[in-house]
Each structure stands twice: as C-alpha cells, then as structure tokens.
file model03.csv (CSV, C-alpha atoms)
chain,number,residue,atom,x,y,z
A,1,MET,CA,99.0,97.3,150.9
A,2,MET,CA,98.3,96.2,147.3
A,3,THR,CA,100.8,97.0,144.6
A,4,ARG,CA,100.0,97.5,140.9
A,5,PRO,CA,101.7,95.1,138.5
A,6,THR,CA,104.5,96.8,136.7
A,7,ILE,CA,104.4,97.1,132.9
A,8,ASP,CA,107.6,96.4,131.0
A,9,PRO,CA,109.0,99.8,130.1
A,10,ARG,CA,109.6,98.8,126.4
A,11,ARG,CA,106.0,97.6,126.1
A,12,ARG,CA,104.7,100.9,127.6
A,13,ARG,CA,106.9,103.0,125.3
A,14,GLU,CA,105.8,101.1,122.3
A,15,GLY,CA,102.2,101.2,123.4
A,16,ILE,CA,102.4,105.0,123.7
A,17,ALA,CA,104.0,105.3,120.3
A,18,PHE,CA,101.2,103.1,118.8
A,19,LEU,CA,98.6,105.2,120.6
A,20,VAL,CA,100.1,108.5,119.2
A,21,LEU,CA,100.2,107.1,115.7
A,22,PHE,CA,96.7,105.8,116.1
A,23,ALA,CA,95.5,109.3,117.1
A,24,LEU,CA,97.4,110.9,114.2
A,25,THR,CA,95.6,108.7,111.6
A,26,ILE,CA,92.3,110.5,112.4
A,27,PRO,CA,93.3,114.0,111.3
A,28,ALA,CA,95.4,112.6,108.5
A,29,ALA,CA,92.4,110.7,107.1
A,30,ASN,CA,90.2,113.7,107.4
A,31,TRP,CA,92.8,115.9,105.7
A,32,LEU,CA,93.5,113.5,102.9
A,33,ILE,CA,89.8,113.0,102.0
A,34,GLY,CA,89.4,116.7,101.2
A,35,HIS,CA,92.9,117.6,99.9
A,36,ALA,CA,94.9,114.8,98.4
A,37,GLY,CA,94.2,112.3,95.6
A,38,SER,CA,94.6,111.7,91.9
A,39,MET,CA,91.2,113.5,91.4
A,40,CYS,CA,89.0,115.6,93.7
A,41,GLN,CA,85.3,115.8,93.1
A,42,PRO,CA,83.4,119.0,93.6
A,43,ASN,CA,81.6,118.7,96.9
A,44,GLY,CA,82.9,115.2,97.3
A,45,PRO,CA,86.0,113.3,98.3
A,46,CYS,CA,89.4,113.3,96.7
A,47,LEU,CA,90.0,109.8,95.2
A,48,VAL,CA,92.9,107.5,94.8
A,49,PRO,CA,93.2,104.4,92.7
A,50,VAL,CA,93.3,101.2,94.8
A,51,ALA,CA,93.2,98.6,92.0
A,52,PRO,CA,92.8,98.8,88.2
A,53,GLY,CA,89.6,100.7,87.5
A,54,LEU,CA,88.8,101.0,91.2
A,55,MET,CA,88.9,104.3,93.1
A,56,ALA,CA,88.3,105.2,96.7
A,57,PRO,CA,88.3,108.3,98.9
A,58,SER,CA,91.9,109.0,99.9
A,59,GLY,CA,91.4,108.6,103.6
A,60,VAL,CA,91.2,104.9,103.2
A,61,THR,CA,94.9,104.6,103.6
A,62,MET,CA,94.9,106.0,107.1
A,63,ILE,CA,91.8,104.1,108.2
A,64,GLY,CA,93.4,100.8,107.2
A,65,ILE,CA,96.4,101.7,109.3
A,66,ALA,CA,94.3,102.9,112.2
A,67,LEU,CA,92.6,99.5,112.5
A,68,VAL,CA,96.0,97.8,112.8
A,69,LEU,CA,97.3,100.4,115.2
A,70,ARG,CA,94.3,100.0,117.5
A,71,ASP,CA,95.1,96.3,117.7
A,72,LEU,CA,98.7,97.1,118.6
A,73,VAL,CA,97.6,99.6,121.3
A,74,GLN,CA,95.5,96.9,122.8
A,75,ARG,CA,98.4,94.4,122.6
A,76,ARG,CA,100.7,96.8,124.4
A,77,LEU,CA,98.5,98.8,126.8
A,78,GLY,CA,95.4,96.6,127.3
A,79,VAL,CA,91.8,96.6,126.3
A,80,GLY,CA,90.8,99.4,128.6
A,81,VAL,CA,93.3,101.9,127.0
A,82,SER,CA,92.2,100.7,123.6
A,83,ALA,CA,88.5,101.2,124.3
A,84,GLY,CA,89.4,104.7,125.7
A,85,ALA,CA,91.4,105.4,122.6
A,86,ILE,CA,88.4,104.5,120.4
A,87,LEU,CA,86.1,106.9,122.3
A,88,ALA,CA,88.8,109.7,122.2
A,89,GLY,CA,89.4,108.9,118.5
A,90,ALA,CA,85.7,109.3,117.7
A,91,ALA,CA,85.7,112.7,119.5
A,92,ILE,CA,88.8,113.8,117.7
A,93,SER,CA,87.3,112.7,114.5
A,94,ALA,CA,84.2,114.7,115.1
A,95,LEU,CA,86.3,117.8,116.0
A,96,LEU,CA,88.7,117.6,113.1
A,97,ALA,CA,86.4,116.4,110.3
A,98,PRO,CA,85.2,118.8,107.7
A,99,PRO,CA,81.8,120.1,108.8
A,100,ALA,CA,79.9,118.0,106.2
A,101,LEU,CA,81.7,114.8,107.4
A,102,VAL,CA,81.6,115.2,111.2
A,103,LEU,CA,78.8,112.8,111.9
A,104,ALA,CA,79.9,110.2,109.3
A,105,SER,CA,83.5,110.4,110.4
A,106,ALA,CA,82.8,110.1,114.1
A,107,VAL,CA,80.1,107.4,113.9
A,108,ALA,CA,82.1,105.3,111.3
A,109,PHE,CA,85.2,105.5,113.4
A,110,LEU,CA,83.4,104.5,116.7
A,111,LEU,CA,81.5,101.6,115.1
A,112,SER,CA,84.4,100.2,113.1
A,113,GLU,CA,86.9,100.4,115.9
A,114,ALA,CA,84.4,98.7,118.2
A,115,ALA,CA,83.9,95.9,115.7
A,116,ASP,CA,87.7,95.6,115.4
A,117,LEU,CA,88.0,95.4,119.2
A,118,ALA,CA,85.2,92.8,119.5
A,119,VAL,CA,86.9,90.5,116.9
A,120,TYR,CA,90.5,91.0,117.9
A,121,THR,CA,90.1,90.5,121.7
A,122,PRO,CA,89.1,86.8,121.7
A,123,LEU,CA,91.6,85.8,118.9
A,124,ALA,CA,94.7,87.8,119.9
A,125,ARG,CA,96.3,85.5,122.5
A,126,ARG,CA,96.2,82.4,120.3
A,127,ARG,CA,96.9,83.8,116.8
A,128,LEU,CA,98.1,87.4,116.5
A,129,ILE,CA,98.3,87.6,112.7
A,130,ALA,CA,94.9,86.0,112.3
A,131,ALA,CA,93.5,88.4,114.9
A,132,VAL,CA,94.8,91.5,113.2
A,133,VAL,CA,93.6,90.4,109.8
A,134,ALA,CA,90.2,89.2,110.9
A,135,SER,CA,89.5,92.2,113.2
A,136,SER,CA,90.8,94.7,110.6
A,137,MET,CA,88.6,93.2,107.9
A,138,ALA,CA,85.5,93.4,110.2
A,139,GLY,CA,86.3,97.0,111.1
A,140,LEU,CA,87.1,98.1,107.5
A,141,VAL,CA,83.8,96.7,106.2
A,142,VAL,CA,81.8,98.5,109.0
A,143,ASP,CA,83.8,101.7,108.5
A,144,SER,CA,83.3,101.7,104.7
A,145,ILE,CA,79.5,101.1,104.8
A,146,VAL,CA,78.8,103.5,107.6
A,147,PHE,CA,81.1,106.3,106.4
A,148,LEU,CA,79.9,106.2,102.8
A,149,TRP,CA,76.2,106.0,103.7
A,150,LEU,CA,76.3,108.8,106.2
A,151,ALA,CA,78.8,111.1,104.3
A,152,PHE,CA,77.5,110.7,100.8
A,153,GLY,CA,74.2,108.8,101.0
A,154,SER,CA,75.7,106.3,98.6
A,155,LEU,CA,77.7,103.1,98.6
A,156,ASP,CA,79.3,103.9,95.2
A,157,PHE,CA,82.8,103.7,96.5
A,158,LEU,CA,82.2,100.6,98.7
A,159,ALA,CA,84.4,98.2,96.8
A,160,GLY,CA,87.2,100.8,96.5
A,161,GLN,CA,87.0,101.6,100.2
A,162,ILE,CA,87.2,97.9,101.2
A,163,VAL,CA,90.1,97.2,98.8
A,164,GLY,CA,92.0,100.3,99.8
A,165,LYS,CA,91.8,99.6,103.5
A,166,ALA,CA,92.6,95.9,103.0
A,167,TRP,CA,95.8,96.9,101.1
A,168,MET,CA,97.0,98.9,104.1
A,169,VAL,CA,96.1,96.0,106.5
A,170,LEU,CA,98.0,93.5,104.3
A,171,LEU,CA,101.0,95.8,104.0
A,172,SER,CA,101.2,95.9,107.8
A,173,ILE,CA,101.3,92.2,108.3
A,174,PRO,CA,105.1,91.8,107.9
A,175,PHE,CA,105.6,94.4,110.7
A,176,VAL,CA,103.1,92.6,113.0
A,177,ALA,CA,104.8,89.3,112.3
A,178,TRP,CA,108.2,90.8,113.1
A,179,LEU,CA,106.8,92.3,116.3
A,180,ARG,CA,105.3,89.0,117.4
A,181,ARG,CA,108.6,87.2,116.9
A,182,ARG,CA,110.6,89.9,118.6
A,183,ASP,CA,108.2,89.9,121.6
A,184,GLU,CA,108.7,86.2,121.9
A,185,ARG,CA,112.5,86.5,121.7
A,186,LEU,CA,112.6,89.3,124.3
A,187,GLY,CA,109.9,87.8,126.5
A,188,ILE,CA,107.5,90.7,126.1
A,189,LYS,CA,104.0,89.6,127.1
A,190,PRO,CA,100.9,91.2,125.6
A,191,ALA,CA,98.8,93.3,127.9
call {"tool": "encode", "arguments": {"input": "model03.csv", "output": "structure tokens"}}
result
Amino acid sequence: MMTRPTIDPRRRREGIAFLVLFALTIPAANWLIGHAGSMCQPNGPCLVPVAPGLMAPSGVTMIGIALVLRDLVQRRLGVGVSAGAILAGAAISALLAPPALVLASAVAFLLSEAADLAVYTPLARRRLIAAVVASSMAGLVVDSIVFLWLAFGSLDFLAGQIVGKAWMVLLSIPFVAWLRRRDERLGIKPA
C-alpha cells in the first residue's frame, strides 16, 4: 500500500492562508478600479498616483500583491495547487469584474499569472528573492499590457501600471526574505 507524503502542518496552514489572500486580491482589484482613487474618470478607471506625475488604475496595488502571493502559494502548496489557483482566479475575476472589464480582467489575470509561474518555477529552489522579483516583474508587464489593451484599447497608463505593481512587489520583499530565513531556521521545506 502506497502512502502519501505528509505535508508539514505549518506549511499547509500558511499555504492555505496565502491561497485565501491570493483569491481576495481579485475582487479587491476589481472593486478598487471602479470605486477608489484620487480621481475617477467617467467610463474609465479610478486612478492613484504611483510616482510624481504618474497615475495608474487603482487595482494595480492588488495585482502587484497577487503576483507575490501566487509565488508563496506555490512555495507552500506546490505547482499543481498554484496552477489550479490561477485558473480559479481567472474564473473569479471574470465573475466579479465589472461587465465592461470581464474579458480584460480574466485574460490579463490568466496570462500574467501563467508568466509568473513560468519564471518563478525554475528559479525558486536556488534563489527565492530573485525568483519572486523576476517572476513578478514578468507577470506585471504581461498583466499591464493585456489588461490596458483589452479594457481600454490604449496603453496610456502602461508606465503607471508597471510602476504601481512594481512598488507592491518591492514592498513585499522584506516579508519574503523573512519567510525564507524563518523556513530555514525551522526546517520548513518548499513544496
């Protein structure tokens, strides 16, 4: 009789927490883009400043975080769960996005998270921080281009989207570094 390998209970709990947070970024991003910002355009996104003179749709904050959380889901629960979360996230995004943004939201989410997964997976075992940064940067560029083009037919906010998401990724790095050190100290192995 074959037995399944057991997963460290802490790794599983943290993985589930990262998965729930990842799922919550989707409705949060869709809500923010239509309701929160320093200015909201008629028939367009609500905008937030991301650098001096640079604005971006407010959902960028959640998408930057989503890219990092997807990496952490994979680190804790494995590539299979992470891939499933991407597909579920694209479906959730399509269901929860404002009608005018359904296609853009779902397609951008699916493609950006797939790009994130493709870059993160080969790098993660050797250099976690580099893997998170490189994969998130790949994902945020894909997300920005696809979302803006499909949602608004324009890349006017491309620089702002990239900068806004990059800020969120960079702000997460101290937590990822702490998590890596704590995992090493406690002997928690990645999935």
call {"tool": "atom_distance", "arguments": {"input": "model03.csv", "atom1": "CA of Arg11 (chain A)", "atom2": "CA of Ala191 (chain A)"}}
result
8.6 Å
call {"tool": "closest_residue", "arguments": {"input": "model03.csv", "among": "A:Pro99, A:Pro174, A:Gly44, A:Pro190", "to": "Gly78 (chain A)", "atoms": "all atoms listed in the file"}}
result
A:Pro190
call {"tool": "closest_atom_pairs", "arguments": {"input": "model03.csv", "of": "region 96-163 of chain A", "to": "region 25-43 of chain A", "cutoff": "9 Å", "atoms": "all atoms listed in the file", "output": "tab-separated table"}}
result
residue	atom	partner	partner_atom	distance
A:Leu96	CA	A:Pro27	CA	6.1
A:Ala97	CA	A:Asn30	CA	5.5
A:Pro98	CA	A:Asn30	CA	7.1
A:Leu101	CA	A:Asn30	CA	8.6
A:Ser105	CA	A:Asn30	CA	8.0
A:Phe109	CA	A:Ile26	CA	8.7
call {"tool": "closest_residue", "arguments": {"input": "model03.csv", "among": "A:Arg125, A:Ala23, A:Lys189, A:Ile63", "to": "Ala91 (chain A)", "atoms": "only C-alpha atoms"}}
result
A:Ala23
call {"tool": "atom_distance", "arguments": {"input": "model03.csv", "atom1": "CA of Leu110 (chain A)", "atom2": "CA of Ala90 (chain A)"}}
result
5.4 Å
call {"tool": "closest_residue", "arguments": {"input": "model03.csv", "among": "A:Ala17, A:Val68, A:Ala138, A:Leu95", "to": "Leu170 (chain A)", "atoms": "all atoms listed in the file"}}
result
A:Val68
call {"tool": "residues_around", "arguments": {"input": "model03.csv", "residues": "Val81 (chain A)", "least_positions_apart": "4", "cutoff": "12 Å", "atoms": "only C-alpha atoms", "output": "ChimeraX atom specification"}}
result
/A:12,15-16,18-19,70-77,85-89,117,191
call {"tool": "residues_around", "arguments": {"input": "model03.csv", "residues": "Val107 (chain A)", "least_positions_apart": "2", "cutoff": "9 Å", "atoms": "only C-alpha atoms", "output": "PDB file with C-alpha atoms, in the coordinates of the input"}}
result
ATOM      1  CA  ALA A  90      85.700 109.300 117.700  1.00  0.00           C
ATOM      2  CA  SER A  93      87.300 112.700 114.500  1.00  0.00           C
ATOM      3  CA  ALA A  94      84.200 114.700 115.100  1.00  0.00           C
ATOM      4  CA  VAL A 102      81.600 115.200 111.200  1.00  0.00           C
ATOM      5  CA  LEU A 103      78.800 112.800 111.900  1.00  0.00           C
ATOM      6  CA  ALA A 104      79.900 110.200 109.300  1.00  0.00           C
ATOM      7  CA  SER A 105      83.500 110.400 110.400  1.00  0.00           C
ATOM      8  CA  PHE A 109      85.200 105.500 113.400  1.00  0.00           C
ATOM      9  CA  LEU A 110      83.400 104.500 116.700  1.00  0.00           C
ATOM     10  CA  LEU A 111      81.500 101.600 115.100  1.00  0.00           C
ATOM     11  CA  SER A 112      84.400 100.200 113.100  1.00  0.00           C
ATOM     12  CA  ASP A 143      83.800 101.700 108.500  1.00  0.00           C
ATOM     13  CA  VAL A 146      78.800 103.500 107.600  1.00  0.00           C
ATOM     14  CA  PHE A 147      81.100 106.300 106.400  1.00  0.00           C
ATOM     15  CA  LEU A 150      76.300 108.800 106.200  1.00  0.00           C
TER      16      LEU A 150
END
call {"tool": "closest_residue", "arguments": {"input": "model03.csv", "among": "A:Leu67, A:Val60, A:Leu171, A:Ile92", "to": "Ala134 (chain A)", "atoms": "only C-alpha atoms"}}
result
A:Leu67
call {"tool": "residues_around", "arguments": {"input": "model03.csv", "residues": "Leu54 (chain A)", "least_positions_apart": "3", "cutoff": "9 Å", "atoms": "only C-alpha atoms", "output": "PyMOL selection string"}}
result
chain A and resi 48-51+157+159-160+163
call {"tool": "atom_distance", "arguments": {"input": "model03.csv", "atom1": "CA of Arg181 (chain A)", "atom2": "CA of Thr121 (chain A)"}}
result
19.4 Å
call {"tool": "closest_residue", "arguments": {"input": "model03.csv", "among": "A:Val176, A:Leu155, A:Ile162, A:Ala56", "to": "Ala131 (chain A)", "atoms": "all atoms listed in the file"}}
result
A:Val176
call {"tool": "residues_around", "arguments": {"input": "model03.csv", "residues": "Ala166 (chain A)", "least_positions_apart": "6", "cutoff": "8 Å", "atoms": "only C-alpha atoms", "output": "list in words"}}
result
Gly64, Ser136, Met137 and Leu140 of chain A
call {"tool": "residues_around", "arguments": {"input": "model03.csv", "residues": "Thr61 (chain A)", "least_positions_apart": "6", "cutoff": "7 Å", "atoms": "all atoms listed in the file", "output": "compact mmCIF listing (two decimals) with C-alpha atoms, in the frame of the given file"}}
result
# COMPACT_ATOMS: atom_id res chain seq x y z
CA GLY A 164 92.00 100.30 99.80
CA LYS A 165 91.80 99.60 103.50
CA MET A 168 97.00 98.90 104.10
call {"tool": "decode", "arguments": {"input": "model03.csv", "residues": "region 13-52 of chain A", "atoms": "C-alpha atoms", "output": "short mmCIF file (atom, residue, chain, number, x, y, z; two decimals), in the first residue's frame"}}
result
data_model
loop_
_atom_site.label_atom_id
_atom_site.label_comp_id
_atom_site.auth_asym_id
_atom_site.auth_seq_id
_atom_site.Cartn_x
_atom_site.Cartn_y
_atom_site.Cartn_z
CA ARG A 13 -1.77 26.34 7.10
CA GLU A 14 0.38 29.10 5.68
CA GLY A 15 -0.23 27.86 2.14
CA ILE A 16 -3.99 27.97 2.68
CA ALA A 17 -3.70 31.47 4.16
CA PHE A 18 -1.67 32.64 1.12
CA LEU A 19 -4.23 30.99 -1.18
CA VAL A 20 -7.15 32.79 0.51
CA LEU A 21 -5.31 36.12 0.35
CA PHE A 22 -4.48 35.48 -3.31
CA ALA A 23 -8.16 34.86 -4.05
CA LEU A 24 -9.17 38.03 -2.19
CA THR A 25 -6.87 40.20 -4.30
CA ILE A 26 -9.08 39.56 -7.33
CA PRO A 27 -12.34 41.08 -6.06
CA ALA A 28 -10.34 43.78 -4.28
CA ALA A 29 -8.61 44.83 -7.52
CA ASN A 30 -11.89 44.83 -9.44
CA TRP A 31 -13.60 46.89 -6.73
CA LEU A 32 -10.74 49.38 -6.41
CA ILE A 33 -10.54 50.08 -10.13
CA GLY A 34 -14.15 51.24 -10.17
CA HIS A 35 -14.51 52.83 -6.74
CA ALA A 36 -11.32 54.08 -5.14
CA GLY A 37 -8.68 56.51 -6.21
CA SER A 38 -7.60 60.10 -6.05
CA MET A 39 -9.65 60.66 -9.20
CA CYS A 40 -12.19 58.54 -11.08
CA GLN A 41 -12.66 59.04 -14.80
CA PRO A 42 -16.16 58.89 -16.34
CA ASN A 43 -16.47 55.47 -18.03
CA GLY A 44 -12.89 54.76 -17.02
CA PRO A 45 -10.80 53.62 -14.10
CA CYS A 46 -10.22 55.30 -10.77
CA LEU A 47 -6.59 56.42 -10.63
CA VAL A 48 -3.94 56.64 -7.93
CA PRO A 49 -0.55 58.36 -8.06
CA VAL A 50 2.32 55.85 -8.20
CA ALA A 51 5.19 58.30 -8.75
CA PRO A 52 5.47 62.06 -9.24
#
